[in-house]
Structure formats: structure tokens, C-alpha cells
Amino acid sequence: MIRTLFCIAVTQEFFNAGDEERTEVMEAIPGAFADLAGRFGATVLGTFDDDRMMVGASTGWPWTSYILADMPDLAAVEGICGIVRETRLGDGRLWKYLRIEARAGRQLFFGNA
């Protein structure tokens, strides 16, 4: 297994969009990231959303939200990153509104309990 931290950022395009467009994006995200276990073999260990303390676009660290998961292989990691490439929203794709980056490694040998 590959311990992976998926870092997700909301782009400025999301904040530039009107209320209706932002609602469409927010409604598309849960479906786009649904069933990560079934689709990619992910074991999600935890999630973290910083949207209450961070307002506006995230251009890098700190990111807006995170998914920590054990992944079976790098192809599965790439598959989850590909969600923002493949999810269509109107004439565009989710990548207009979200960025995703994965950090892959192994479980830390201490601090696990």
C-alpha cells in the first residue's frame, strides 16, 4: 500500500463564478469523489476541510482540503488525481474550479496510536 495525501485547492475561478455556477460545482464534487474504494481501491483514513478558517483561492500550501488514504498502487493515485480532469461541468471540467496534488509515501514509523 502507498500512503497518500491528496491536497485539494479551490481556484480563483470558483470565487469568480456566480451563485448558480458555484452551486453546480458544489453539487458535482461529492459525486466526482464518491466510492473511492470501489473505483480505485482506496482505503480513506481521514479527511480534513479548512474552509471555515481559510477563505478565498488556495494557490498552494495551505490547501483547502485533504484526503489521506492508503492506495494500492500509483495508477490508483493517478486515477483519483484524474477526477478533476475527467469530471465535466457544462462546457468545462472540474479542474477549472479545483486543483489536486498527491503526496505519496509510506506510513510514518512513529505516532500511529
# chains A, B, ... in the order shown; residues from 1 in each chain; ligands from 1

call {"tool": "closest_atom_pairs", "arguments": {"of": "stretch 29-89 of chain A", "to": "stretch 13-22 of chain A", "cutoff": "10 Å", "atoms": "only C-alpha atoms", "output": "CSV"}}
result
residue,atom,partner,partner_atom,distance
A:Val55,CA,A:Phe15,CA,9.8
A:Gly56,CA,A:Phe15,CA,7.0
A:Ala57,CA,A:Phe15,CA,7.3
A:Leu89,CA,A:Glu21,CA,9.3

call {"tool": "select_by_dssp", "arguments": {"residues": "stretch 23-95 of chain A", "states": "alpha helix (DSSP H)", "output": "VMD selection string"}}
result
chain A and resid 23 to 32 36 to 40 74 to 81 83 to 86

call {"tool": "closest_residue", "arguments": {"among": "A:Leu45, A:Gln107, A:Ala113, A:Phe40", "to": "A:Cys81", "atoms": "only C-alpha atoms"}}
result
A:Phe40

call {"tool": "select_by_dssp", "arguments": {"residues": "stretch 48-106 of chain A", "states": "strand (DSSP E or B)", "output": "ChimeraX atom specification"}}
result
/A:48-49,65-71,88-89,92-93,98-105

call {"tool": "residues_around", "arguments": {"residues": "A:Leu5", "least_positions_apart": "2", "cutoff": "6 Å", "atoms": "only C-alpha atoms", "output": "ChimeraX atom specification"}}
result
/A:67-68,102-103

call {"tool": "decode", "arguments": {"residues": "stretch 25-57 of chain A", "atoms": "N, CA, C and O atoms", "output": "PDB file, in the first residue's frame"}}
result
ATOM      1  N   VAL A  25     -21.015  23.484  -9.150  1.00  0.00           N
ATOM      2  CA  VAL A  25     -19.717  22.898  -8.795  1.00  0.00           C
ATOM      3  C   VAL A  25     -19.828  22.137  -7.480  1.00  0.00           C
ATOM      4  O   VAL A  25     -19.394  20.980  -7.374  1.00  0.00           O
ATOM      5  N   MET A  26     -20.419  22.754  -6.467  1.00  0.00           N
ATOM      6  CA  MET A  26     -20.541  22.119  -5.150  1.00  0.00           C
ATOM      7  C   MET A  26     -21.383  20.843  -5.218  1.00  0.00           C
ATOM      8  O   MET A  26     -21.121  19.888  -4.489  1.00  0.00           O
ATOM      9  N   GLU A  27     -22.368  20.822  -6.086  1.00  0.00           N
ATOM     10  CA  GLU A  27     -23.193  19.619  -6.239  1.00  0.00           C
ATOM     11  C   GLU A  27     -22.454  18.520  -6.995  1.00  0.00           C
ATOM     12  O   GLU A  27     -22.740  17.342  -6.796  1.00  0.00           O
ATOM     13  N   ALA A  28     -21.508  18.874  -7.854  1.00  0.00           N
ATOM     14  CA  ALA A  28     -20.765  17.884  -8.647  1.00  0.00           C
ATOM     15  C   ALA A  28     -19.649  17.211  -7.852  1.00  0.00           C
ATOM     16  O   ALA A  28     -19.302  16.057  -8.121  1.00  0.00           O
ATOM     17  N   ILE A  29     -19.084  17.889  -6.868  1.00  0.00           N
ATOM     18  CA  ILE A  29     -17.907  17.375  -6.151  1.00  0.00           C
ATOM     19  C   ILE A  29     -18.191  16.065  -5.420  1.00  0.00           C
ATOM     20  O   ILE A  29     -17.408  15.107  -5.562  1.00  0.00           O
ATOM     21  N   PRO A  30     -19.263  15.930  -4.627  1.00  0.00           N
ATOM     22  CA  PRO A  30     -19.474  14.658  -3.925  1.00  0.00           C
ATOM     23  C   PRO A  30     -19.573  13.458  -4.871  1.00  0.00           C
ATOM     24  O   PRO A  30     -18.997  12.401  -4.602  1.00  0.00           O
ATOM     25  N   GLY A  31     -20.263  13.613  -5.971  1.00  0.00           N
ATOM     26  CA  GLY A  31     -20.377  12.520  -6.939  1.00  0.00           C
ATOM     27  C   GLY A  31     -19.049  12.199  -7.600  1.00  0.00           C
ATOM     28  O   GLY A  31     -18.730  11.028  -7.838  1.00  0.00           O
ATOM     29  N   ALA A  32     -18.286  13.227  -7.884  1.00  0.00           N
ATOM     30  CA  ALA A  32     -16.982  13.017  -8.525  1.00  0.00           C
ATOM     31  C   ALA A  32     -16.046  12.214  -7.636  1.00  0.00           C
ATOM     32  O   ALA A  32     -15.266  11.393  -8.114  1.00  0.00           O
ATOM     33  N   PHE A  33     -16.127  12.450  -6.333  1.00  0.00           N
ATOM     34  CA  PHE A  33     -15.227  11.771  -5.390  1.00  0.00           C
ATOM     35  C   PHE A  33     -15.919  10.621  -4.649  1.00  0.00           C
ATOM     36  O   PHE A  33     -15.398  10.138  -3.651  1.00  0.00           O
ATOM     37  N   ALA A  34     -17.062  10.164  -5.135  1.00  0.00           N
ATOM     38  CA  ALA A  34     -17.791   9.067  -4.489  1.00  0.00           C
ATOM     39  C   ALA A  34     -17.105   7.726  -4.730  1.00  0.00           C
ATOM     40  O   ALA A  34     -16.448   7.529  -5.754  1.00  0.00           O
ATOM     41  N   ASP A  35     -17.269   6.806  -3.800  1.00  0.00           N
ATOM     42  CA  ASP A  35     -16.826   5.420  -3.908  1.00  0.00           C
ATOM     43  C   ASP A  35     -15.358   5.291  -4.335  1.00  0.00           C
ATOM     44  O   ASP A  35     -15.032   4.558  -5.258  1.00  0.00           O
ATOM     45  N   LEU A  36     -14.481   5.995  -3.637  1.00  0.00           N
ATOM     46  CA  LEU A  36     -13.052   5.895  -3.945  1.00  0.00           C
ATOM     47  C   LEU A  36     -12.534   4.479  -3.709  1.00  0.00           C
ATOM     48  O   LEU A  36     -11.612   4.034  -4.392  1.00  0.00           O
ATOM     49  N   ALA A  37     -13.141   3.770  -2.775  1.00  0.00           N
ATOM     50  CA  ALA A  37     -12.737   2.380  -2.513  1.00  0.00           C
ATOM     51  C   ALA A  37     -13.091   1.490  -3.696  1.00  0.00           C
ATOM     52  O   ALA A  37     -12.239   0.728  -4.188  1.00  0.00           O
ATOM     53  N   GLY A  38     -14.312   1.572  -4.165  1.00  0.00           N
ATOM     54  CA  GLY A  38     -14.749   0.732  -5.269  1.00  0.00           C
ATOM     55  C   GLY A  38     -14.087   1.070  -6.583  1.00  0.00           C
ATOM     56  O   GLY A  38     -13.762   0.186  -7.376  1.00  0.00           O
ATOM     57  N   ARG A  39     -13.877   2.343  -6.835  1.00  0.00           N
ATOM     58  CA  ARG A  39     -13.318   2.780  -8.118  1.00  0.00           C
ATOM     59  C   ARG A  39     -11.804   2.671  -8.187  1.00  0.00           C
ATOM     60  O   ARG A  39     -11.253   2.387  -9.258  1.00  0.00           O
ATOM     61  N   PHE A  40     -11.128   2.905  -7.053  1.00  0.00           N
ATOM     62  CA  PHE A  40      -9.669   2.985  -7.078  1.00  0.00           C
ATOM     63  C   PHE A  40      -8.974   2.103  -6.051  1.00  0.00           C
ATOM     64  O   PHE A  40      -7.752   2.099  -5.971  1.00  0.00           O
ATOM     65  N   GLY A  41      -9.739   1.412  -5.230  1.00  0.00           N
ATOM     66  CA  GLY A  41      -9.132   0.578  -4.193  1.00  0.00           C
ATOM     67  C   GLY A  41      -8.593   1.367  -3.019  1.00  0.00           C
ATOM     68  O   GLY A  41      -7.769   0.877  -2.249  1.00  0.00           O
ATOM     69  N   ALA A  42      -9.055   2.595  -2.851  1.00  0.00           N
ATOM     70  CA  ALA A  42      -8.576   3.469  -1.778  1.00  0.00           C
ATOM     71  C   ALA A  42      -9.174   3.063  -0.434  1.00  0.00           C
ATOM     72  O   ALA A  42     -10.351   2.737  -0.348  1.00  0.00           O
ATOM     73  N   THR A  43      -8.348   3.101   0.590  1.00  0.00           N
ATOM     74  CA  THR A  43      -8.831   2.999   1.958  1.00  0.00           C
ATOM     75  C   THR A  43      -8.652   4.386   2.561  1.00  0.00           C
ATOM     76  O   THR A  43      -7.534   4.793   2.891  1.00  0.00           O
ATOM     77  N   VAL A  44      -9.737   5.138   2.641  1.00  0.00           N
ATOM     78  CA  VAL A  44      -9.665   6.503   3.151  1.00  0.00           C
ATOM     79  C   VAL A  44      -9.484   6.447   4.661  1.00  0.00           C
ATOM     80  O   VAL A  44     -10.285   5.856   5.376  1.00  0.00           O
ATOM     81  N   LEU A  45      -8.406   7.056   5.132  1.00  0.00           N
ATOM     82  CA  LEU A  45      -8.082   7.068   6.555  1.00  0.00           C
ATOM     83  C   LEU A  45      -8.615   8.311   7.250  1.00  0.00           C
ATOM     84  O   LEU A  45      -8.839   8.305   8.457  1.00  0.00           O
ATOM     85  N   GLY A  46      -8.803   9.368   6.496  1.00  0.00           N
ATOM     86  CA  GLY A  46      -9.322  10.590   7.077  1.00  0.00           C
ATOM     87  C   GLY A  46      -9.412  11.693   6.047  1.00  0.00           C
ATOM     88  O   GLY A  46      -8.815  11.626   4.969  1.00  0.00           O
ATOM     89  N   THR A  47     -10.198  12.709   6.393  1.00  0.00           N
ATOM     90  CA  THR A  47     -10.326  13.895   5.555  1.00  0.00           C
ATOM     91  C   THR A  47     -10.212  15.125   6.445  1.00  0.00           C
ATOM     92  O   THR A  47     -10.394  15.043   7.658  1.00  0.00           O
ATOM     93  N   PHE A  48      -9.910  16.249   5.814  1.00  0.00           N
ATOM     94  CA  PHE A  48      -9.743  17.500   6.559  1.00  0.00           C
ATOM     95  C   PHE A  48     -10.157  18.632   5.635  1.00  0.00           C
ATOM     96  O   PHE A  48      -9.695  18.708   4.497  1.00  0.00           O
ATOM     97  N   ASP A  49     -11.036  19.492   6.101  1.00  0.00           N
ATOM     98  CA  ASP A  49     -11.506  20.624   5.316  1.00  0.00           C
ATOM     99  C   ASP A  49     -11.234  21.904   6.094  1.00  0.00           C
ATOM    100  O   ASP A  49     -11.688  22.055   7.223  1.00  0.00           O
ATOM    101  N   ASP A  50     -10.507  22.805   5.470  1.00  0.00           N
ATOM    102  CA  ASP A  50     -10.100  24.046   6.125  1.00  0.00           C
ATOM    103  C   ASP A  50     -10.961  25.231   5.681  1.00  0.00           C
ATOM    104  O   ASP A  50     -10.570  26.375   5.843  1.00  0.00           O
ATOM    105  N   ASP A  51     -12.143  24.960   5.130  1.00  0.00           N
ATOM    106  CA  ASP A  51     -12.938  26.027   4.537  1.00  0.00           C
ATOM    107  C   ASP A  51     -13.522  27.020   5.529  1.00  0.00           C
ATOM    108  O   ASP A  51     -13.925  28.103   5.149  1.00  0.00           O
ATOM    109  N   ARG A  52     -13.541  26.700   6.796  1.00  0.00           N
ATOM    110  CA  ARG A  52     -14.082  27.645   7.783  1.00  0.00           C
ATOM    111  C   ARG A  52     -13.047  28.678   8.209  1.00  0.00           C
ATOM    112  O   ARG A  52     -13.395  29.781   8.608  1.00  0.00           O
ATOM    113  N   MET A  53     -11.782  28.311   8.143  1.00  0.00           N
ATOM    114  CA  MET A  53     -10.714  29.208   8.583  1.00  0.00           C
ATOM    115  C   MET A  53      -9.928  29.799   7.423  1.00  0.00           C
ATOM    116  O   MET A  53      -9.096  30.674   7.626  1.00  0.00           O
ATOM    117  N   MET A  54     -10.166  29.299   6.214  1.00  0.00           N
ATOM    118  CA  MET A  54      -9.491  29.805   5.022  1.00  0.00           C
ATOM    119  C   MET A  54     -10.561  30.240   4.031  1.00  0.00           C
ATOM    120  O   MET A  54     -11.414  29.448   3.659  1.00  0.00           O
ATOM    121  N   VAL A  55     -10.527  31.480   3.620  1.00  0.00           N
ATOM    122  CA  VAL A  55     -11.498  31.995   2.671  1.00  0.00           C
ATOM    123  C   VAL A  55     -10.742  32.496   1.451  1.00  0.00           C
ATOM    124  O   VAL A  55      -9.744  33.195   1.572  1.00  0.00           O
ATOM    125  N   GLY A  56     -11.214  32.117   0.281  1.00  0.00           N
ATOM    126  CA  GLY A  56     -10.574  32.526  -0.959  1.00  0.00           C
ATOM    127  C   GLY A  56      -9.792  31.387  -1.579  1.00  0.00           C
ATOM    128  O   GLY A  56      -9.718  30.282  -1.049  1.00  0.00           O
ATOM    129  N   ALA A  57      -9.222  31.684  -2.730  1.00  0.00           N
ATOM    130  CA  ALA A  57      -8.495  30.681  -3.501  1.00  0.00           C
ATOM    131  C   ALA A  57      -7.233  30.229  -2.768  1.00  0.00           C
ATOM    132  O   ALA A  57      -6.614  30.998  -2.047  1.00  0.00           O
TER     133      ALA A  57
END
